[in-house]
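Enquirer: So here's run-v2.cif (mmCIF, C-alpha atoms and all ligand atoms).
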data_my_file
loop_
_atom_site.label_atom_id
_atom_site.label_comp_id
_atom_site.auth_asym_id
_atom_site.auth_seq_id
_atom_site.Cartn_x
_atom_site.Cartn_y
_atom_site.Cartn_z
CA MET A 1 -23.89 -15.61 -7.76
CA THR A 2 -22.15 -17.33 -10.61
CA ASP A 3 -19.10 -19.46 -9.99
CA GLU A 4 -17.08 -17.27 -12.35
CA SER A 5 -17.39 -14.23 -10.13
CA ARG A 6 -15.67 -15.90 -7.18
CA PHE A 7 -11.95 -16.31 -6.64
CA ALA A 8 -11.75 -19.76 -8.21
CA GLU A 9 -10.33 -22.85 -6.61
CA LYS A 10 -7.27 -23.79 -8.60
CA THR A 11 -4.67 -26.37 -7.59
CA THR A 12 -2.06 -28.61 -9.21
CA LEU A 13 -1.52 -32.34 -9.17
CA HIS A 14 1.52 -31.76 -6.95
CA LEU A 15 -0.55 -29.79 -4.40
CA ARG A 16 -3.45 -32.25 -4.48
CA ASN A 17 -1.05 -35.08 -3.64
CA LEU A 18 0.57 -33.02 -0.93
CA ALA A 19 -2.82 -32.04 0.53
CA THR A 20 -3.64 -35.69 1.24
CA LYS A 21 -0.75 -35.68 3.73
CA SER A 22 -0.75 -32.05 4.88
CA ASP A 23 -3.61 -30.15 6.49
CA ALA A 24 -1.67 -26.94 6.05
CA ILE A 25 -1.55 -27.36 2.27
CA LYS A 26 -5.25 -28.25 2.24
CA THR A 27 -6.13 -25.11 4.21
CA MET A 28 -4.05 -22.85 1.98
CA TYR A 29 -5.64 -24.02 -1.27
CA SER A 30 -9.15 -25.39 -0.60
CA PHE A 31 -12.10 -23.18 -1.41
CA ASN A 32 -14.12 -22.79 1.77
CA PRO A 33 -17.78 -21.98 1.03
CA GLU A 34 -18.38 -20.82 4.60
CA PHE A 35 -16.13 -17.79 4.09
CA GLU A 36 -15.64 -17.43 0.37
CA ASP A 37 -19.08 -17.60 -1.18
CA VAL A 38 -18.94 -13.95 -2.19
CA PRO A 39 -18.10 -12.34 -5.50
CA ALA A 40 -14.49 -11.25 -5.97
CA ASP A 41 -14.36 -7.50 -5.46
CA THR A 42 -12.53 -6.49 -8.62
CA GLY A 43 -12.91 -2.81 -7.80
CA ARG A 44 -10.98 -3.03 -4.54
CA ASP A 45 -7.60 -1.28 -4.24
CA LEU A 46 -6.40 -2.69 -0.93
CA LEU A 47 -2.82 -1.42 -1.17
CA ASN A 48 -3.22 1.57 -3.48
CA GLU A 49 -1.66 -0.50 -6.24
CA LYS A 50 -4.15 0.60 -8.88
CA THR A 51 -3.82 4.28 -8.02
CA ASN A 52 -0.02 3.88 -8.20
CA SER A 53 0.11 2.25 -11.61
CA PRO A 54 1.85 4.48 -14.16
CA LEU A 55 0.87 2.07 -16.93
CA PHE A 56 -1.05 -1.17 -17.21
CA GLY A 57 0.74 -4.05 -15.48
CA THR A 58 3.00 -1.91 -13.30
CA VAL A 59 2.99 -0.67 -9.70
CA ARG A 60 5.30 2.10 -8.57
CA LYS A 61 5.09 3.01 -4.90
CA PHE A 62 8.73 2.95 -3.71
CA ASP A 63 11.85 4.83 -4.77
CA GLY A 64 13.94 3.26 -7.51
CA ARG A 65 11.86 0.13 -7.86
CA LEU A 66 9.19 -0.83 -10.36
CA LEU A 67 6.90 -3.82 -9.94
CA VAL A 68 5.86 -5.44 -13.22
CA LEU A 69 2.80 -7.67 -12.87
CA LEU A 70 3.60 -9.92 -15.81
CA SER A 71 0.73 -12.28 -15.29
CA TYR A 72 -2.54 -12.12 -13.47
CA THR A 73 -2.69 -15.84 -13.14
CA CYS A 74 -0.93 -18.49 -11.03
CA ALA A 75 -0.40 -22.24 -11.19
CA ALA A 76 -2.67 -22.43 -8.14
CA ASN A 77 -4.79 -19.94 -6.20
CA CYS A 78 -3.91 -19.35 -2.54
CA ARG A 79 -7.10 -18.63 -0.61
CA TYR A 80 -5.46 -15.71 1.20
CA CYS A 81 -4.12 -13.98 -1.92
CA GLU A 82 -4.04 -10.22 -1.39
CA ARG A 83 -4.36 -9.64 -5.14
CA GLN A 84 -7.48 -11.76 -5.52
CA ASP A 85 -9.25 -8.71 -6.91
CA ARG A 86 -7.08 -9.22 -10.03
CA VAL A 87 -5.59 -12.71 -10.00
CA GLY A 88 -7.69 -15.21 -11.92
CA VAL A 89 -10.85 -13.10 -11.94
CA GLY A 90 -12.76 -10.42 -13.74
CA LEU A 91 -11.04 -8.15 -16.23
CA ASP A 92 -7.77 -9.97 -16.24
CA ARG A 93 -9.04 -13.47 -16.87
CA VAL A 94 -6.81 -13.40 -19.97
CA GLY A 95 -4.00 -13.68 -17.51
CA ARG A 96 -0.87 -12.42 -19.18
CA LEU A 97 0.57 -9.10 -20.14
CA ARG A 98 0.73 -8.97 -23.95
CA PRO A 99 4.06 -8.45 -25.78
CA ASP A 100 2.98 -4.95 -26.93
CA GLN A 101 2.03 -4.00 -23.35
CA ILE A 102 5.41 -5.27 -22.20
CA ASP A 103 7.10 -3.17 -24.89
CA ASP A 104 5.42 -0.11 -23.39
CA VAL A 105 6.71 -1.08 -19.93
CA ILE A 106 10.25 -1.50 -21.33
CA THR A 107 10.10 1.95 -22.96
CA TYR A 108 8.91 3.43 -19.67
CA ILE A 109 11.85 1.83 -17.82
CA ALA A 110 14.36 2.88 -20.48
CA ASN A 111 13.23 6.50 -20.14
CA ASP A 112 13.56 6.68 -16.35
CA PRO A 113 17.16 6.65 -15.08
CA SER A 114 15.96 6.91 -11.45
CA LEU A 115 14.84 3.27 -11.61
CA TYR A 116 17.53 0.78 -10.61
CA GLU A 117 15.54 -2.36 -9.78
CA ILE A 118 12.85 -4.20 -11.74
CA ILE A 119 10.71 -6.71 -9.88
CA LEU A 120 8.70 -9.26 -11.82
CA SER A 121 5.58 -10.20 -9.93
CA GLY A 122 1.95 -11.07 -10.58
CA GLY A 123 0.02 -13.34 -10.21
CA ASP A 124 3.04 -15.42 -10.96
CA PRO A 125 5.58 -14.25 -13.54
CA LEU A 126 6.56 -17.86 -14.24
CA MET A 127 3.11 -18.20 -15.85
CA ASN A 128 4.38 -15.79 -18.54
CA PRO A 129 7.77 -17.25 -19.55
CA LYS A 130 7.92 -15.34 -22.85
CA GLY A 131 7.18 -12.13 -21.02
CA MET A 132 9.96 -12.75 -18.51
CA GLU A 133 12.40 -13.32 -21.34
CA GLN A 134 11.21 -10.17 -23.14
CA VAL A 135 11.73 -7.99 -20.07
CA PHE A 136 15.03 -9.51 -18.95
CA ASP A 137 16.56 -9.47 -22.45
CA SER A 138 15.86 -5.78 -22.82
CA MET A 139 17.21 -5.01 -19.34
CA ARG A 140 20.63 -6.29 -20.46
CA GLU A 141 20.91 -3.13 -22.58
CA LEU A 142 19.93 -0.69 -19.81
CA ASP A 143 22.87 0.43 -17.68
CA HIS A 144 20.76 2.17 -15.05
CA ILE A 145 18.99 -1.07 -14.15
CA LYS A 146 21.33 -2.78 -11.70
CA VAL A 147 19.18 -5.44 -10.08
CA LEU A 148 16.43 -7.76 -11.29
CA ARG A 149 14.09 -9.65 -9.03
CA ILE A 150 11.56 -12.42 -9.64
CA HIS A 151 8.80 -13.07 -7.11
CA THR A 152 7.28 -16.50 -7.53
CA ARG A 153 5.36 -19.28 -5.82
CA PHE A 154 5.29 -21.52 -8.89
CA PRO A 155 8.17 -23.81 -7.80
CA MET A 156 6.24 -24.77 -4.65
CA GLN A 157 3.01 -25.30 -6.60
CA SER A 158 4.28 -27.18 -9.61
CA PRO A 159 7.97 -28.08 -9.23
CA GLN A 160 7.95 -30.50 -12.17
CA GLN A 161 6.81 -27.75 -14.56
CA VAL A 162 9.59 -25.23 -13.88
CA ASN A 163 11.44 -24.49 -17.12
CA LEU A 164 15.05 -24.91 -16.02
CA ASP A 165 16.56 -23.74 -19.32
CA LEU A 166 14.62 -20.51 -19.13
CA MET A 167 15.50 -19.99 -15.47
CA ARG A 168 19.17 -20.54 -16.31
CA ARG A 169 19.07 -17.89 -19.07
CA LEU A 170 17.24 -15.36 -16.88
CA ALA A 171 19.82 -15.72 -14.10
CA THR A 172 22.46 -14.20 -16.40
CA ALA A 173 20.52 -11.10 -17.48
CA LYS A 174 22.38 -8.96 -14.90
CA PRO A 175 25.21 -9.69 -12.49
CA THR A 176 22.68 -9.49 -9.66
CA VAL A 177 19.40 -11.36 -10.02
CA TYR A 178 17.31 -12.16 -6.97
CA LEU A 179 14.78 -14.98 -6.89
CA SER A 180 12.19 -14.57 -4.15
CA LEU A 181 10.21 -17.66 -3.20
CA HIS A 182 6.80 -17.20 -1.58
CA ILE A 183 6.59 -20.02 0.94
CA ASP A 184 4.36 -20.29 4.01
CA HIS A 185 4.79 -23.76 5.49
CA PRO A 186 7.62 -26.32 5.85
CA ASP A 187 5.41 -28.97 4.19
CA GLU A 188 6.02 -27.07 0.93
CA LEU A 189 9.71 -27.99 1.13
CA THR A 190 9.33 -31.38 -0.54
CA PRO A 191 12.35 -33.26 -1.92
CA GLU A 192 11.51 -31.93 -5.43
CA VAL A 193 11.34 -28.36 -4.20
CA LYS A 194 14.61 -28.68 -2.30
CA GLU A 195 16.29 -30.07 -5.41
CA LEU A 196 14.97 -27.10 -7.41
CA ILE A 197 16.34 -24.69 -4.83
CA ARG A 198 19.78 -26.31 -5.18
CA GLU A 199 19.53 -25.90 -8.97
CA PHE A 200 18.52 -22.23 -8.68
CA ARG A 201 21.54 -21.60 -6.45
CA ALA A 202 23.83 -23.24 -8.96
CA MET A 203 22.40 -20.98 -11.68
CA GLY A 204 23.61 -17.93 -9.77
CA TYR A 205 20.43 -16.52 -8.25
CA ILE A 206 20.52 -14.87 -4.85
CA LEU A 207 17.67 -16.67 -3.12
CA ILE A 208 15.34 -14.99 -0.66
CA SER A 209 11.91 -15.93 0.69
CA GLN A 210 8.72 -14.12 1.58
CA SER A 211 5.95 -15.48 3.81
CA VAL A 212 2.62 -14.50 5.32
CA PHE A 213 1.45 -15.16 8.86
CA LEU A 214 -1.58 -17.44 8.49
CA LYS A 215 -3.90 -18.55 11.26
CA GLY A 216 -4.38 -22.32 11.20
CA VAL A 217 -1.33 -22.79 8.94
CA ASN A 218 1.86 -21.36 10.42
CA ASP A 219 0.67 -19.59 13.59
CA ASP A 220 3.19 -21.16 15.95
CA VAL A 221 6.87 -20.86 16.76
CA GLU A 222 7.77 -24.48 15.93
CA THR A 223 6.34 -24.41 12.41
CA LEU A 224 8.06 -21.18 11.47
CA HIS A 225 11.29 -22.19 13.20
CA ASP A 226 11.33 -25.37 11.11
CA MET A 227 10.59 -23.48 7.88
CA PHE A 228 13.05 -20.61 8.32
CA LEU A 229 15.83 -22.92 9.49
CA GLN A 230 15.34 -25.25 6.53
CA LEU A 231 15.33 -22.30 4.11
CA PHE A 232 18.45 -20.83 5.70
CA GLN A 233 20.23 -24.18 5.50
CA LEU A 234 19.26 -24.52 1.83
CA GLY A 235 20.80 -21.13 1.08
CA VAL A 236 17.55 -19.16 0.94
CA ARG A 237 17.72 -16.01 3.07
CA PRO A 238 14.31 -15.41 4.72
CA TYR A 239 13.50 -11.81 3.77
CA TYR A 240 9.98 -10.73 4.79
CA ILE A 241 7.05 -12.13 6.73
CA TYR A 242 3.85 -10.18 6.28
CA HIS A 243 0.71 -9.63 8.26
CA CYS A 244 -2.17 -11.16 6.25
CA GLN A 245 -4.15 -8.40 4.57
CA ARG A 246 -7.70 -8.69 5.73
CA ILE A 247 -10.47 -8.76 3.18
CA VAL A 248 -13.80 -10.48 3.70
CA THR A 249 -12.65 -13.77 2.17
CA THR A 250 -9.36 -13.96 4.08
CA GLU A 251 -10.50 -12.90 7.53
CA ARG A 252 -10.19 -16.45 8.85
CA PHE A 253 -6.43 -16.38 8.13
CA GLU A 254 -5.67 -13.11 9.88
CA MET A 255 -3.69 -13.50 13.07
CA ASP A 256 -3.74 -11.37 16.15
CA PHE A 257 -0.96 -8.84 15.62
CA GLU A 258 0.50 -9.17 19.11
CA ASP A 259 0.68 -12.97 18.67
CA GLU A 260 2.78 -12.38 15.57
CA VAL A 261 5.12 -10.11 17.53
CA ARG A 262 5.40 -12.68 20.33
CA ILE A 263 6.29 -15.42 17.82
CA MET A 264 8.87 -13.22 16.08
CA SER A 265 10.44 -12.27 19.41
CA GLU A 266 10.78 -15.92 20.39
CA LEU A 267 12.14 -16.88 16.98
CA ARG A 268 14.79 -14.16 17.20
CA GLU A 269 16.07 -15.71 20.40
CA ARG A 270 16.28 -19.17 18.89
CA MET A 271 17.74 -18.65 15.43
CA SER A 272 20.68 -17.28 13.55
CA GLY A 273 20.09 -13.74 12.38
CA LEU A 274 20.46 -15.02 8.83
CA ALA A 275 17.45 -17.30 9.30
CA PHE A 276 15.26 -14.53 10.71
CA PRO A 277 13.11 -12.44 8.34
CA GLN A 278 11.84 -8.91 8.85
CA HIS A 279 8.27 -8.76 10.09
CA VAL A 280 6.60 -6.13 7.94
CA LEU A 281 3.31 -4.46 7.21
CA ASP A 282 2.26 -3.43 3.75
CA LEU A 283 0.21 -0.31 4.43
CA PRO A 284 -1.62 1.54 1.66
CA GLY A 285 -0.10 4.96 2.31
CA ALA A 286 3.51 4.01 3.05
CA ARG A 287 6.46 4.60 0.74
CA GLY A 288 8.01 1.30 1.81
CA LYS A 289 7.27 -1.76 3.89
CA VAL A 290 6.85 -0.84 7.56
CA VAL A 291 9.11 -2.89 9.84
CA VAL A 292 7.53 -4.23 13.05
CA PRO A 293 9.72 -4.20 16.17
CA THR A 294 10.06 -7.30 18.37
CA ASN A 295 9.26 -7.31 22.08
CA HIS A 296 12.86 -6.70 23.04
CA TRP A 297 12.26 -2.97 23.26
CA LYS A 298 9.24 -1.26 24.75
CA TRP A 299 8.01 0.31 21.55
CA ASP A 300 4.56 1.81 21.38
CA ARG A 301 3.07 -0.11 18.52
CA SER A 302 -0.08 1.96 18.41
CA VAL A 303 1.68 4.74 16.52
CA VAL A 304 2.99 4.15 13.00
CA HIS A 305 4.29 6.74 10.62
CA ASP A 306 5.79 6.37 7.19
CA PHE A 307 9.23 7.45 5.94
CA ASP A 308 7.96 11.01 5.55
CA GLU A 309 6.75 11.01 9.19
CA LEU A 310 3.20 11.29 7.93
CA PRO A 311 0.94 9.47 10.37
CA LEU A 312 -0.63 6.34 8.94
CA ASP A 313 -4.06 5.10 9.76
CA THR A 314 -3.09 2.41 12.28
CA ASP A 315 -6.48 0.78 11.98
CA SER A 316 -6.47 0.64 8.19
CA TRP A 317 -5.07 -2.89 8.10
CA LYS A 318 -7.35 -4.12 10.87
CA VAL A 319 -10.63 -2.97 9.39
CA ILE A 320 -12.77 -5.48 7.54
CA GLU A 321 -13.84 -4.10 4.21
CA GLU A 322 -17.53 -4.59 3.61
CA GLY A 323 -17.82 -6.99 0.67
C1 LIG A 401 7.01 -4.69 -1.74
C2 LIG A 401 7.11 -3.84 -2.93
C3 LIG A 401 8.35 -3.55 -3.52
C4 LIG A 401 9.65 -4.13 -3.01
O1 LIG A 401 9.95 -3.62 -1.76
P1 LIG A 401 11.29 -4.04 -1.03
O2 LIG A 401 11.16 -3.48 0.34
O3 LIG A 401 12.40 -3.45 -1.83
O4 LIG A 401 11.35 -5.53 -1.06
C5 LIG A 401 8.39 -2.70 -4.59
N1 LIG A 401 7.26 -2.13 -5.08
C6 LIG A 401 6.06 -2.36 -4.54
C7 LIG A 401 4.86 -1.70 -5.09
C8 LIG A 401 5.93 -3.23 -3.45
O5 LIG A 401 4.72 -3.48 -2.93
S1 LIG A 402 0.81 -17.37 -5.81
FE1 LIG A 402 0.76 -15.26 -5.00
S2 LIG A 402 -0.42 -14.09 -6.52
FE2 LIG A 402 -0.83 -16.27 -6.88
S3 LIG A 402 -2.68 -16.74 -5.72
FE3 LIG A 402 -0.93 -17.24 -4.39
S4 LIG A 402 -0.58 -15.35 -3.19
FE4 LIG A 402 -1.86 -14.78 -4.97
#
Could you take the file, read its structure, and then write that structure out as structure tokens?
Ligand SMILES: *Cc1c(COP(=O)(O)O)cnc(C)c1O
Ligand code: SF4

Expert:
Amino acid sequence: MTDESRFAEKTTLHLRNLATKSDAIKTMYSFNPEFEDVPADTGRDLLNEKTNSPLFGTVRKFDGRLLVLLSYTCAANCRYCERQDRVGVGLDRVGRLRPDQIDDVITYIANDPSLYEIILSGGDPLMNPKGMEQVFDSMRELDHIKVLRIHTRFPMQSPQQVNLDLMRRLATAKPTVYLSLHIDHPDELTPEVKELIREFRAMGYILISQSVFLKGVNDDVETLHDMFLQLFQLGVRPYYIYHCQRIVTTERFEMDFEDEVRIMSELRERMSGLAFPQHVLDLPGARGKVVVPTNHWKWDRSVVHDFDELPLDTDSWKVIEEG
């Protein structure tokens, strides 16, 4: 197999420095030939994102919200990326949504008054600064769009490269702009990153975080307690923590589901509700994230249904896809 067909190892100077001091950072970003020496499966549609794409670069699965994948590239590649069928590989090696493709997305949004929230994602939208500006500028004119959201991991991967002037302009595109930081370990909260978070707050963003349970990285109460409490104290509201989507190359990161529930239950006892995120599953058939209950009630977790009470395949997220 050629190197190009694999999900490439990509890091930044910041992460390489951090990795010399942090095993967690090393594990998150180092290519591991024992598990990853397989071609990236560019045909995979793990979360039905390709079948729910009204036009190139968009995903529409939930009411009122449109995901715009502005870039299919990131400052660094996380080994457990659930979009590794698209990010940095295959068809989308080019990386960014072109201005004319973005124009089409803007027209689509303008013509659908049922949309109220636009979420910039990727890859990492901060890898396409012009694209972010193009989308946000045009959203100023659209009254039905009330909320904008940016999902990024860039500030934790390359804090020195964040374009503060751009981020300041984007924060004013609507009265309500959320900035969601993907962060999985307290070691990512370096002094530079904390300073950035303070700047983002001053710009007016509502800050939230999203995380993934990762075996060998954050699979214990103390690590997550430290991370969520630090985020909370910095003014970042922990929003979601996900179960790691299992694909052949990420199997080593997937935690036992009941261990996750045990950790969440213990965390809930120890922290402010504001520091405690929702534990969720992203299931292919669901019309929204599925919230996982803690151990404080005797729920039967073997039965999951979506918002329409349609039964979901409870094993779908446990099954290893054959590579
Ligand atoms: C997660 C996700 C959203 C946002 O969901 P929230 O529950 O509002 O955070 C929107 N669209 C898609 C396709 C998603 O996967
Ligand atoms: S930053 Fe997000 S999209 Fe990019 S490689 Fe990491 S998990 Fe995937």

Enquirer: Residues contacting ligand LIG 402 (chain A) - anything with an atom at most 9 Å away, using all atoms listed in the file - can you give me those as an mmCIF file with C-alpha atoms, in the frame of the given file?

Expert:
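Just written: selection05.cif:
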data_model
loop_
_atom_site.group_PDB
_atom_site.id
_atom_site.type_symbol
_atom_site.label_atom_id
_atom_site.label_comp_id
_atom_site.auth_asym_id
_atom_site.auth_seq_id
_atom_site.Cartn_x
_atom_site.Cartn_y
_atom_site.Cartn_z
ATOM 1 C CA LYS A 10 -7.270 -23.790 -8.600
ATOM 2 C CA TYR A 29 -5.640 -24.020 -1.270
ATOM 3 C CA TYR A 72 -2.540 -12.120 -13.470
ATOM 4 C CA THR A 73 -2.690 -15.840 -13.140
ATOM 5 C CA CYS A 74 -0.930 -18.490 -11.030
ATOM 6 C CA ALA A 75 -0.400 -22.240 -11.190
ATOM 7 C CA ALA A 76 -2.670 -22.430 -8.140
ATOM 8 C CA ASN A 77 -4.790 -19.940 -6.200
ATOM 9 C CA CYS A 78 -3.910 -19.350 -2.540
ATOM 10 C CA ARG A 79 -7.100 -18.630 -0.610
ATOM 11 C CA TYR A 80 -5.460 -15.710 1.200
ATOM 12 C CA CYS A 81 -4.120 -13.980 -1.920
ATOM 13 C CA GLU A 82 -4.040 -10.220 -1.390
ATOM 14 C CA ARG A 83 -4.360 -9.640 -5.140
ATOM 15 C CA GLN A 84 -7.480 -11.760 -5.520
ATOM 16 C CA ARG A 86 -7.080 -9.220 -10.030
ATOM 17 C CA VAL A 87 -5.590 -12.710 -10.000
ATOM 18 C CA GLY A 88 -7.690 -15.210 -11.920
ATOM 19 C CA SER A 121 5.580 -10.200 -9.930
ATOM 20 C CA GLY A 122 1.950 -11.070 -10.580
ATOM 21 C CA GLY A 123 0.020 -13.340 -10.210
ATOM 22 C CA ASP A 124 3.040 -15.420 -10.960
ATOM 23 C CA HIS A 151 8.800 -13.070 -7.110
ATOM 24 C CA THR A 152 7.280 -16.500 -7.530
ATOM 25 C CA ARG A 153 5.360 -19.280 -5.820
ATOM 26 C CA PHE A 154 5.290 -21.520 -8.890
ATOM 27 C CA GLN A 157 3.010 -25.300 -6.600
ATOM 28 C CA HIS A 182 6.800 -17.200 -1.580
#

Enquirer: Could the residues that lie within 7 Å of ligand LIG 401 (chain A), counting all atoms listed in the file, be listed as JSON, numbers by chain?

Expert: {"A": [49, 59, 60, 61, 62, 65, 66, 67, 288, 289]}

Enquirer: Do a neighbour search on Tyr239 (chain A) at 12 Å with all atoms listed in the file, toss out local chain neighbours closer than 6 positions, and write the hits as a ChimeraX atom specification.

Expert: /A:151,178-183,206-212,228,231-232,273-280,289,291

Enquirer: Check the smallest atom-to-atom distance from each of A:Ser272, A:Thr12, A:Gln230, A:Ser265 to Pro159 (chain A) using all atoms listed in the file, then report the winner.

Expert: A:Thr12

Enquirer: Step by step, gather every atom of region 158-166 of chain A that the file lists, find the box along x, y and z that holds them, add 8 Å on each side, and finally give centre and edge lengths in Å to one decimal, as lines of an AutoDock Vina configuration file.

Expert:
center_x = 10.4
center_y = -25.5
center_z = -14.3
size_x = 28.3
size_y = 26.0
size_z = 26.1

Enquirer: From the set A:Asp103, A:Asp63, A:Asp256, A:Asp308, which residue has the shortest atom-to-atom contact distance to Phe213 (chain A), counting all atoms listed in the file?

Expert: A:Asp256

Enquirer: For the atom pair CA of Pro125 (chain A) and CA of Leu70 (chain A), what is the interatomic distance in Å to one decimal place?

Expert: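 Taking CA of Pro125 (chain A) as the start and CA of Leu70 (chain A) as the end point, the length is 5.3 Å.
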
Enquirer: Any idea what's packed within 12 Å of region 214-218 of chain A, counting all atoms listed in the file, ignoring anything in its chain fewer than 4 positions away? Could you give it as a count of residues only?

Expert: 42

Enquirer: Do you have the CA of Lys194 (chain A)-CA of Leu120 (chain A) distance handy?

Expert: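 Atom-to-atom, CA of Lys194 (chain A) to CA of Leu120 (chain A), that is 22.4 Å.
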
Enquirer: Pick out the residues sitting within 12 Å of Asp100 (chain A), and hand them over as an NGL selection string; count only C-alpha atoms, and ignore anything fewer than 4 positions along from it in its own chain.

Expert: :A and (56-57 or 96 or 104-107 or 131 or 134-135)

Enquirer: Take CA of Thr11 (chain A) and CA of Phe31 (chain A) and report the distance between them in Å, one decimal.

Expert: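 It comes out at 10.2 Å.
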